[in-house]
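Peer 1: Contents of data-v1.tsv (TSV, N, CA and C atoms):
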chain	number	residue	atom	x	y	z
A	1	MET	N	32.94	-16.22	-68.99
A	1	MET	CA	31.56	-16.16	-69.38
A	1	MET	C	30.94	-17.55	-69.24
A	2	VAL	N	29.81	-17.60	-68.58
A	2	VAL	CA	29.10	-18.86	-68.38
A	2	VAL	C	28.40	-19.24	-69.68
A	3	GLU	N	28.54	-20.51	-70.07
A	3	GLU	CA	27.88	-21.02	-71.27
A	3	GLU	C	26.83	-22.05	-70.91
A	4	ILE	N	25.74	-22.03	-71.65
A	4	ILE	CA	24.71	-23.06	-71.53
A	4	ILE	C	24.68	-23.75	-72.88
A	5	ASN	N	24.96	-25.04	-72.89
A	5	ASN	CA	24.93	-25.82	-74.13
A	5	ASN	C	23.54	-26.41	-74.27
A	6	ALA	N	22.80	-25.96	-75.28
A	6	ALA	CA	21.40	-26.38	-75.46
A	6	ALA	C	21.25	-27.87	-75.69
A	7	THR	N	22.33	-28.56	-76.07
A	7	THR	CA	22.24	-30.00	-76.32
A	7	THR	C	22.73	-30.83	-75.14
A	8	ASP	N	23.19	-30.19	-74.10
A	8	ASP	CA	23.63	-30.91	-72.91
A	8	ASP	C	22.43	-31.64	-72.30
A	9	PRO	N	22.54	-32.94	-72.04
A	9	PRO	CA	21.41	-33.69	-71.48
A	9	PRO	C	20.83	-33.07	-70.21
A	10	GLU	N	21.67	-32.46	-69.37
A	10	GLU	CA	21.16	-31.81	-68.16
A	10	GLU	C	20.25	-30.63	-68.51
A	11	VAL	N	20.64	-29.87	-69.52
A	11	VAL	CA	19.84	-28.72	-69.94
A	11	VAL	C	18.51	-29.20	-70.54
A	12	VAL	N	18.57	-30.25	-71.34
A	12	VAL	CA	17.37	-30.77	-71.99
A	12	VAL	C	16.39	-31.36	-70.97
A	13	THR	N	16.92	-32.11	-70.01
A	13	THR	CA	16.04	-32.79	-69.05
A	13	THR	C	15.67	-31.93	-67.85
A	14	ASN	N	16.47	-30.91	-67.56
A	14	ASN	CA	16.20	-30.07	-66.40
A	14	ASN	C	16.52	-28.61	-66.70
A	15	PRO	N	15.80	-28.00	-67.67
A	15	PRO	CA	16.13	-26.62	-68.03
A	15	PRO	C	15.93	-25.64	-66.88
A	16	PHE	N	14.90	-25.83	-66.07
A	16	PHE	CA	14.65	-24.89	-64.98
A	16	PHE	C	15.77	-24.95	-63.94
A	17	GLY	N	16.23	-26.15	-63.63
A	17	GLY	CA	17.35	-26.29	-62.71
A	17	GLY	C	18.62	-25.68	-63.26
A	18	THR	N	18.84	-25.89	-64.55
A	18	THR	CA	20.03	-25.33	-65.19
A	18	THR	C	20.01	-23.81	-65.13
A	19	TYR	N	18.88	-23.22	-65.53
A	19	TYR	CA	18.80	-21.76	-65.52
A	19	TYR	C	18.87	-21.19	-64.11
A	20	ALA	N	18.30	-21.88	-63.14
A	20	ALA	CA	18.38	-21.42	-61.75
A	20	ALA	C	19.84	-21.42	-61.28
A	21	ARG	N	20.56	-22.48	-61.63
A	21	ARG	CA	21.98	-22.57	-61.25
A	21	ARG	C	22.78	-21.46	-61.91
A	22	VAL	N	22.52	-21.22	-63.21
A	22	VAL	CA	23.25	-20.18	-63.93
A	22	VAL	C	22.88	-18.80	-63.38
A	23	ALA	N	21.59	-18.58	-63.08
A	23	ALA	CA	21.14	-17.29	-62.56
A	23	ALA	C	21.79	-16.97	-61.22
A	24	ALA	N	22.07	-17.99	-60.43
A	24	ALA	CA	22.74	-17.77	-59.15
A	24	ALA	C	24.17	-17.27	-59.36
A	25	GLU	N	24.72	-17.57	-60.53
A	25	GLU	CA	26.11	-17.21	-60.82
A	25	GLU	C	26.24	-15.91	-61.62
A	26	THR	N	25.31	-15.69	-62.58
A	26	THR	CA	25.45	-14.54	-63.46
A	26	THR	C	24.10	-14.13	-64.03
A	27	ALA	N	23.99	-12.86	-64.40
A	27	ALA	CA	22.74	-12.36	-64.98
A	27	ALA	C	22.70	-12.54	-66.50
A	28	VAL	N	23.87	-12.75	-67.11
A	28	VAL	CA	23.97	-12.91	-68.56
A	28	VAL	C	24.82	-14.14	-68.86
A	29	ALA	N	24.33	-14.98	-69.78
A	29	ALA	CA	25.09	-16.17	-70.14
A	29	ALA	C	25.05	-16.35	-71.66
A	30	ARG	N	25.99	-17.11	-72.15
A	30	ARG	CA	26.05	-17.44	-73.57
A	30	ARG	C	25.30	-18.75	-73.77
A	31	LEU	N	24.36	-18.78	-74.72
A	31	LEU	CA	23.63	-19.99	-75.05
A	31	LEU	C	24.19	-20.53	-76.35
A	32	VAL	N	24.70	-21.76	-76.29
A	32	VAL	CA	25.32	-22.39	-77.45
A	32	VAL	C	24.34	-23.38	-78.05
A	33	VAL	N	24.01	-23.17	-79.32
A	33	VAL	CA	23.14	-24.07	-80.07
A	33	VAL	C	23.91	-24.46	-81.32
A	34	PRO	N	24.24	-25.74	-81.48
A	34	PRO	CA	25.03	-26.15	-82.65
A	34	PRO	C	24.41	-25.67	-83.95
A	35	GLY	N	25.27	-25.12	-84.81
A	35	GLY	CA	24.83	-24.65	-86.11
A	35	GLY	C	24.21	-23.26	-86.11
A	36	MET	N	24.15	-22.62	-84.95
A	36	MET	CA	23.54	-21.30	-84.84
A	36	MET	C	24.58	-20.31	-84.32
A	37	PRO	N	24.38	-19.03	-84.62
A	37	PRO	CA	25.28	-18.04	-84.01
A	37	PRO	C	25.05	-17.98	-82.50
A	38	THR	N	25.94	-17.34	-81.80
A	38	THR	CA	25.82	-17.23	-80.35
A	38	THR	C	24.57	-16.46	-79.96
A	39	PHE	N	23.87	-17.00	-78.97
A	39	PHE	CA	22.74	-16.32	-78.36
A	39	PHE	C	23.17	-15.88	-76.97
A	40	TRP	N	22.63	-14.78	-76.51
A	40	TRP	CA	22.87	-14.32	-75.15
A	40	TRP	C	21.55	-14.40	-74.41
A	41	VAL	N	21.56	-14.93	-73.21
A	41	VAL	CA	20.34	-15.05	-72.41
A	41	VAL	C	20.49	-14.28	-71.11
A	42	LEU	N	19.39	-13.68	-70.71
A	42	LEU	CA	19.33	-13.00	-69.42
A	42	LEU	C	18.67	-13.96	-68.46
A	43	THR	N	19.31	-14.20	-67.34
A	43	THR	CA	18.84	-15.25	-66.43
A	43	THR	C	18.09	-14.71	-65.22
A	44	ARG	N	18.03	-13.40	-65.10
A	44	ARG	CA	17.37	-12.80	-63.93
A	44	ARG	C	16.27	-11.84	-64.38
A	45	LEU	N	15.14	-11.89	-63.72
A	45	LEU	CA	13.99	-11.08	-64.09
A	45	LEU	C	14.31	-9.60	-64.07
A	46	ASN	N	14.99	-9.12	-63.04
A	46	ASN	CA	15.28	-7.68	-62.96
A	46	ASN	C	16.18	-7.24	-64.11
A	47	THR	N	17.10	-8.07	-64.53
A	47	THR	CA	17.97	-7.74	-65.66
A	47	THR	C	17.17	-7.72	-66.95
A	48	ALA	N	16.27	-8.67	-67.12
A	48	ALA	CA	15.42	-8.70	-68.31
A	48	ALA	C	14.53	-7.45	-68.37
A	49	ARG	N	13.98	-7.07	-67.25
A	49	ARG	CA	13.13	-5.86	-67.22
A	49	ARG	C	13.94	-4.62	-67.59
A	50	GLU	N	15.15	-4.52	-67.06
A	50	GLU	CA	16.01	-3.39	-67.40
A	50	GLU	C	16.28	-3.34	-68.90
A	51	MET	N	16.60	-4.48	-69.48
A	51	MET	CA	16.88	-4.53	-70.90
A	51	MET	C	15.65	-4.18	-71.72
A	52	LEU	N	14.48	-4.71	-71.34
A	52	LEU	CA	13.26	-4.44	-72.09
A	52	LEU	C	12.84	-2.97	-72.03
A	53	ASN	N	13.27	-2.26	-71.01
A	53	ASN	CA	12.95	-0.84	-70.87
A	53	ASN	C	14.07	0.08	-71.37
A	54	ASP	N	15.14	-0.49	-71.85
A	54	ASP	CA	16.28	0.29	-72.33
A	54	ASP	C	16.10	0.57	-73.83
A	55	PRO	N	16.01	1.83	-74.22
A	55	PRO	CA	15.77	2.15	-75.63
A	55	PRO	C	16.87	1.65	-76.57
A	56	ARG	N	18.04	1.37	-76.06
A	56	ARG	CA	19.10	0.83	-76.92
A	56	ARG	C	18.76	-0.54	-77.47
A	57	PHE	N	17.80	-1.24	-76.84
A	57	PHE	CA	17.42	-2.58	-77.27
A	57	PHE	C	16.08	-2.61	-78.00
A	58	GLU	N	15.63	-1.45	-78.44
A	58	GLU	CA	14.36	-1.38	-79.16
A	58	GLU	C	14.43	-2.22	-80.43
A	59	LEU	N	13.37	-2.98	-80.66
A	59	LEU	CA	13.26	-3.72	-81.91
A	59	LEU	C	12.63	-2.82	-82.96
A	60	ASN	N	13.23	-2.82	-84.13
A	60	ASN	CA	12.68	-2.06	-85.25
A	60	ASN	C	13.14	-2.75	-86.54
A	61	ALA	N	12.83	-2.20	-87.66
A	61	ALA	CA	13.16	-2.84	-88.94
A	61	ALA	C	14.66	-3.13	-89.06
A	62	ALA	N	15.50	-2.28	-88.48
A	62	ALA	CA	16.95	-2.49	-88.58
A	62	ALA	C	17.45	-3.61	-87.67
A	63	SER	N	16.61	-4.09	-86.75
A	63	SER	CA	17.01	-5.13	-85.80
A	63	SER	C	17.02	-6.52	-86.42
A	64	PHE	N	16.35	-6.67	-87.55
A	64	PHE	CA	16.14	-7.99	-88.10
A	64	PHE	C	17.01	-8.22	-89.33
A	65	MET	N	17.58	-9.41	-89.40
A	65	MET	CA	18.37	-9.78	-90.56
A	65	MET	C	17.40	-10.27	-91.64
A	66	ARG	N	17.52	-9.73	-92.80
A	66	ARG	CA	16.68	-10.12	-93.93
A	66	ARG	C	17.52	-10.91	-94.93
A	67	PRO	N	16.89	-11.83	-95.63
A	67	PRO	CA	17.64	-12.50	-96.70
A	67	PRO	C	18.11	-11.45	-97.71
A	68	PRO	N	19.23	-11.69	-98.35
A	68	PRO	CA	19.73	-10.71	-99.32
A	68	PRO	C	18.83	-10.66	-100.57
A	69	ASN	N	18.90	-9.54	-101.24
A	69	ASN	CA	18.26	-9.37	-102.54
A	69	ASN	C	16.73	-9.43	-102.53
A	70	ILE	N	16.11	-9.04	-101.41
A	70	ILE	CA	14.65	-8.96	-101.38
A	70	ILE	C	14.26	-7.64	-102.06
A	71	PRO	N	13.41	-7.70	-103.06
A	71	PRO	CA	13.00	-6.43	-103.71
A	71	PRO	C	12.33	-5.50	-102.69
A	72	ASP	N	12.59	-4.22	-102.83
A	72	ASP	CA	12.06	-3.23	-101.90
A	72	ASP	C	10.54	-3.32	-101.74
A	73	HIS	N	9.83	-3.57	-102.83
A	73	HIS	CA	8.37	-3.62	-102.75
A	73	HIS	C	7.86	-4.83	-101.97
A	74	CYS	N	8.73	-5.80	-101.68
A	74	CYS	CA	8.33	-6.99	-100.91
A	74	CYS	C	8.63	-6.85	-99.42
A	75	LEU	N	9.49	-5.92	-99.05
A	75	LEU	CA	9.91	-5.78	-97.65
A	75	LEU	C	8.76	-5.55	-96.70
A	76	LYS	N	7.73	-4.81	-97.12
A	76	LYS	CA	6.60	-4.54	-96.22
A	76	LYS	C	5.89	-5.82	-95.81
A	77	TYR	N	5.97	-6.87	-96.61
A	77	TYR	CA	5.32	-8.13	-96.28
A	77	TYR	C	6.14	-8.98	-95.30
A	78	MET	N	7.36	-8.59	-95.06
A	78	MET	CA	8.23	-9.31	-94.14
A	78	MET	C	8.25	-8.67	-92.75
A	79	ARG	N	7.52	-7.60	-92.58
A	79	ARG	CA	7.49	-6.87	-91.32
A	79	ARG	C	6.74	-7.70	-90.27
A	80	THR	N	7.28	-7.78	-89.07
A	80	THR	CA	6.66	-8.55	-88.00
A	80	THR	C	6.11	-7.63	-86.93
A	81	MET	N	5.27	-8.18	-86.05
A	81	MET	CA	4.74	-7.40	-84.93
A	81	MET	C	5.85	-6.85	-84.05
A	82	SER	N	6.95	-7.58	-83.95
A	82	SER	CA	8.07	-7.14	-83.11
A	82	SER	C	8.66	-5.82	-83.59
A	83	GLU	N	8.45	-5.50	-84.85
A	83	GLU	CA	8.99	-4.28	-85.42
A	83	GLU	C	8.02	-3.11	-85.32
A	84	MET	N	6.83	-3.37	-84.81
A	84	MET	CA	5.79	-2.34	-84.78
A	84	MET	C	5.64	-1.77	-83.39
A	85	ASN	N	5.25	-0.50	-83.35
A	85	ASN	CA	4.94	0.18	-82.10
A	85	ASN	C	3.60	0.85	-82.25
A	86	GLY	N	3.06	1.28	-81.14
A	86	GLY	CA	1.86	2.09	-81.17
A	86	GLY	C	0.64	1.40	-81.74
A	87	PRO	N	-0.16	2.15	-82.50
A	87	PRO	CA	-1.45	1.63	-82.98
A	87	PRO	C	-1.33	0.38	-83.85
A	88	ASP	N	-0.31	0.31	-84.71
A	88	ASP	CA	-0.16	-0.88	-85.56
A	88	ASP	C	0.03	-2.13	-84.72
A	89	HIS	N	0.92	-2.04	-83.74
A	89	HIS	CA	1.19	-3.18	-82.86
A	89	HIS	C	-0.07	-3.55	-82.07
A	90	LEU	N	-0.72	-2.56	-81.49
A	90	LEU	CA	-1.90	-2.80	-80.68
A	90	LEU	C	-3.02	-3.45	-81.50
A	91	ARG	N	-3.23	-2.99	-82.71
A	91	ARG	CA	-4.27	-3.56	-83.58
A	91	ARG	C	-4.01	-5.04	-83.85
A	92	LEU	N	-2.79	-5.37	-84.21
A	92	LEU	CA	-2.46	-6.77	-84.50
A	92	LEU	C	-2.46	-7.62	-83.23
A	93	ARG	N	-1.97	-7.05	-82.14
A	93	ARG	CA	-1.95	-7.80	-80.88
A	93	ARG	C	-3.37	-8.18	-80.46
A	94	ARG	N	-4.29	-7.24	-80.57
A	94	ARG	CA	-5.68	-7.53	-80.24
A	94	ARG	C	-6.26	-8.60	-81.16
A	95	ALA	N	-5.86	-8.58	-82.42
A	95	ALA	CA	-6.38	-9.56	-83.39
A	95	ALA	C	-5.90	-10.98	-83.09
A	96	VAL	N	-4.66	-11.13	-82.62
A	96	VAL	CA	-4.12	-12.47	-82.41
A	96	VAL	C	-4.24	-12.96	-80.97
A	97	ALA	N	-4.54	-12.08	-80.03
A	97	ALA	CA	-4.59	-12.46	-78.61
A	97	ALA	C	-5.50	-13.65	-78.33
A	98	PRO	N	-6.68	-13.78	-78.97
A	98	PRO	CA	-7.53	-14.94	-78.67
A	98	PRO	C	-6.88	-16.29	-79.00
A	99	ALA	N	-5.92	-16.28	-79.89
A	99	ALA	CA	-5.24	-17.54	-80.25
A	99	ALA	C	-4.19	-17.95	-79.22
A	100	PHE	N	-3.90	-17.09	-78.24
A	100	PHE	CA	-2.83	-17.36	-77.29
A	100	PHE	C	-3.32	-17.36	-75.84
A	101	THR	N	-4.56	-17.71	-75.62
A	101	THR	CA	-5.08	-17.80	-74.26
A	101	THR	C	-4.57	-19.06	-73.60
A	102	PRO	N	-4.54	-19.12	-72.27
A	102	PRO	CA	-4.13	-20.36	-71.59
A	102	PRO	C	-4.96	-21.56	-72.03
A	103	LYS	N	-6.25	-21.36	-72.21
A	103	LYS	CA	-7.12	-22.47	-72.65
A	103	LYS	C	-6.70	-22.99	-74.02
A	104	ARG	N	-6.41	-22.08	-74.93
A	104	ARG	CA	-5.98	-22.48	-76.28
A	104	ARG	C	-4.62	-23.17	-76.23
A	105	MET	N	-3.73	-22.69	-75.39
A	105	MET	CA	-2.42	-23.31	-75.26
A	105	MET	C	-2.55	-24.74	-74.72
A	106	ASP	N	-3.49	-24.96	-73.80
A	106	ASP	CA	-3.71	-26.31	-73.28
A	106	ASP	C	-4.16	-27.26	-74.38
A	107	VAL	N	-4.96	-26.75	-75.31
A	107	VAL	CA	-5.41	-27.57	-76.44
A	107	VAL	C	-4.22	-27.91	-77.35
A	108	LEU	N	-3.32	-26.96	-77.56
A	108	LEU	CA	-2.18	-27.15	-78.45
A	108	LEU	C	-1.03	-27.93	-77.81
A	109	ARG	N	-0.98	-27.97	-76.48
A	109	ARG	CA	0.16	-28.56	-75.77
A	109	ARG	C	0.52	-29.97	-76.25
A	110	PRO	N	-0.42	-30.92	-76.40
A	110	PRO	CA	-0.02	-32.27	-76.84
A	110	PRO	C	0.69	-32.27	-78.20
A	111	ARG	N	0.20	-31.50	-79.14
A	111	ARG	CA	0.82	-31.46	-80.47
A	111	ARG	C	2.18	-30.78	-80.42
A	112	ILE	N	2.28	-29.71	-79.66
A	112	ILE	CA	3.56	-29.03	-79.53
A	112	ILE	C	4.58	-29.95	-78.88
A	113	THR	N	4.16	-30.67	-77.85
A	113	THR	CA	5.04	-31.63	-77.19
A	113	THR	C	5.52	-32.70	-78.16
A	114	GLU	N	4.61	-33.19	-78.98
A	114	GLU	CA	4.95	-34.21	-79.98
A	114	GLU	C	6.00	-33.67	-80.97
A	115	ILE	N	5.80	-32.45	-81.43
A	115	ILE	CA	6.74	-31.84	-82.38
A	115	ILE	C	8.10	-31.63	-81.73
A	116	VAL	N	8.11	-31.08	-80.51
A	116	VAL	CA	9.37	-30.81	-79.82
A	116	VAL	C	10.11	-32.12	-79.53
A	117	ASP	N	9.40	-33.13	-79.06
A	117	ASP	CA	10.04	-34.42	-78.80
A	117	ASP	C	10.67	-34.98	-80.07
A	118	GLY	N	9.97	-34.84	-81.20
A	118	GLY	CA	10.52	-35.31	-82.47
A	118	GLY	C	11.77	-34.56	-82.87
A	119	LEU	N	11.77	-33.25	-82.65
A	119	LEU	CA	12.96	-32.46	-82.97
A	119	LEU	C	14.13	-32.81	-82.06
A	120	ILE	N	13.86	-33.01	-80.78
A	120	ILE	CA	14.92	-33.40	-79.85
A	120	ILE	C	15.47	-34.76	-80.22
A	121	ASP	N	14.60	-35.69	-80.57
A	121	ASP	CA	15.05	-37.03	-80.97
A	121	ASP	C	15.91	-36.97	-82.23
A	122	ALA	N	15.68	-35.99	-83.08
A	122	ALA	CA	16.45	-35.85	-84.32
A	122	ALA	C	17.86	-35.29	-84.09
A	123	PHE	N	18.10	-34.68	-82.91
A	123	PHE	CA	19.44	-34.20	-82.59
A	123	PHE	C	20.41	-35.37	-82.56
A	124	PRO	N	21.63	-35.16	-83.02
A	124	PRO	CA	22.63	-36.23	-82.87
A	124	PRO	C	22.76	-36.63	-81.39
A	125	GLY	N	22.65	-37.89	-81.13
A	125	GLY	CA	22.72	-38.39	-79.77
A	125	GLY	C	21.42	-38.20	-79.00
A	126	GLY	N	20.34	-37.77	-79.68
A	126	GLY	CA	19.04	-37.49	-79.06
A	126	GLY	C	18.25	-38.70	-78.68
Show how you would write the structure in this file as structure tokens.

Peer 2:
Amino acid sequence: MVEINATDPEVVTNPFGTYARVAAETAVARLVVPGMPTFWVLTRLNTAREMLNDPRFELNAASFMRPPNIPDHCLKYMRTMSEMNGPDHLRLRRAVAPAFTPKRMDVLRPRITEIVDGLIDAFPGG
């Protein structure tokens, strides 16, 4: 199994090259992030499309890990758009879409870059 180490300097400085190299070798790879459980990444568009259209990978309330001991009456407030389908999802998607336009992302890019650079610098050996 091909592994991608998220802290490898090559991955950090050249993620597109890394993923292109891995995609040439395999459609599925293990992504290793220190302190996190194993992530699996799909490196090819056709494989990602197949997975997104496969009902076995549907996101729903059972897909998400919740902190233990959350009272039942509070669970509805922890529901995310990823868990919604149909009209509920469409209503919320329409409500938030203006915040995610390319123009808005361009405005946010400098601050996001600053935050990400700070987080990378905080990594051991960063």

Peer 1: What is the atom C of Arg21 in chain A to atom C of Arg44 in chain A distance in Å?

Peer 2: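 Between atom C of Arg21 in chain A and atom C of Arg44 in chain A the gap is 11.9 Å.
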
Peer 1: When distances are computed from all atoms listed in the file, which of A:Ala62, A:Leu108, A:Leu75, A:Val32 shows the smallest separation from Asp8 in chain A?

Peer 2: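 Of A:Ala62, A:Leu108, A:Leu75, A:Val32, the one nearest Asp8 in chain A, counting all atoms listed in the file, is A:Val32.
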
Peer 1: Among chain A, which residues carry a DSSP assignment of helix (DSSP H, G or I), reported as number ranges by chain?

Peer 2: A: 9-13, 15-25, 45-52, 55-57, 61-63, 72-78, 81-83, 86-100, 102-122

Peer 1: Can you tell me which residues surround His89 in chain A at a distance of at most 12 Å, considering only C-alpha atoms, apart from same-chain residues fewer than 6 positions away, and format the answer as a PyMOL selection string?

Peer 2: chain A and resi 60+79-83+95-97

Peer 1: Give me, please, the distance in Å between atom C of Met1 in chain A and atom N of Arg30 in chain A, quoted to one decimal.

Peer 2: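 One can read the atom C of Met1 in chain A to atom N of Arg30 in chain A distance as 5.8 Å.
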
Peer 1: To one decimal place, how far is atom N of Ala122 in chain A from atom C of Pro9 in chain A in Å?

Peer 2: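 Separating atom N of Ala122 in chain A from atom C of Pro9 in chain A is a distance of 14.2 Å.
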
Peer 1: List every residue of chain A that DSSP, applied to the backbone of this structure, assigns to strand (DSSP E or B), and report them as a ChimeraX atom specification.

Peer 2: /A:3-5,28-32,39-42

Peer 1: Once 4 Å is added on each side, what centre and edge lengths in Å to one decimal does the axis-aligned box around all listed atoms of range 92-95 of chain A have, as JSON?

Peer 2:
{"center_x": -4.2, "center_y": -8.2, "center_z": -82.4, "size_x": 12.4, "size_y": 13.6, "size_z": 12.3}

Peer 1: Determine, counting only C-alpha atoms, which protein, DNA and RNA residues have an atom within 9 Å of an atom of Val2 in chain A; residues of the same chain fewer than 2 positions away are not included. Present the result as number ranges by chain.

Peer 2: A: 4, 22, 25-26, 28-31

Peer 1: Might you pull out every residue within 12 Å of Phe123 in chain A, with only C-alpha atoms counted and same-chain residues fewer than 2 positions away left off, and present them as JSON, numbers by chain?

Peer 2: {"A": [6, 7, 8, 9, 12, 33, 34, 35, 116, 117, 118, 119, 120, 121, 125, 126]}
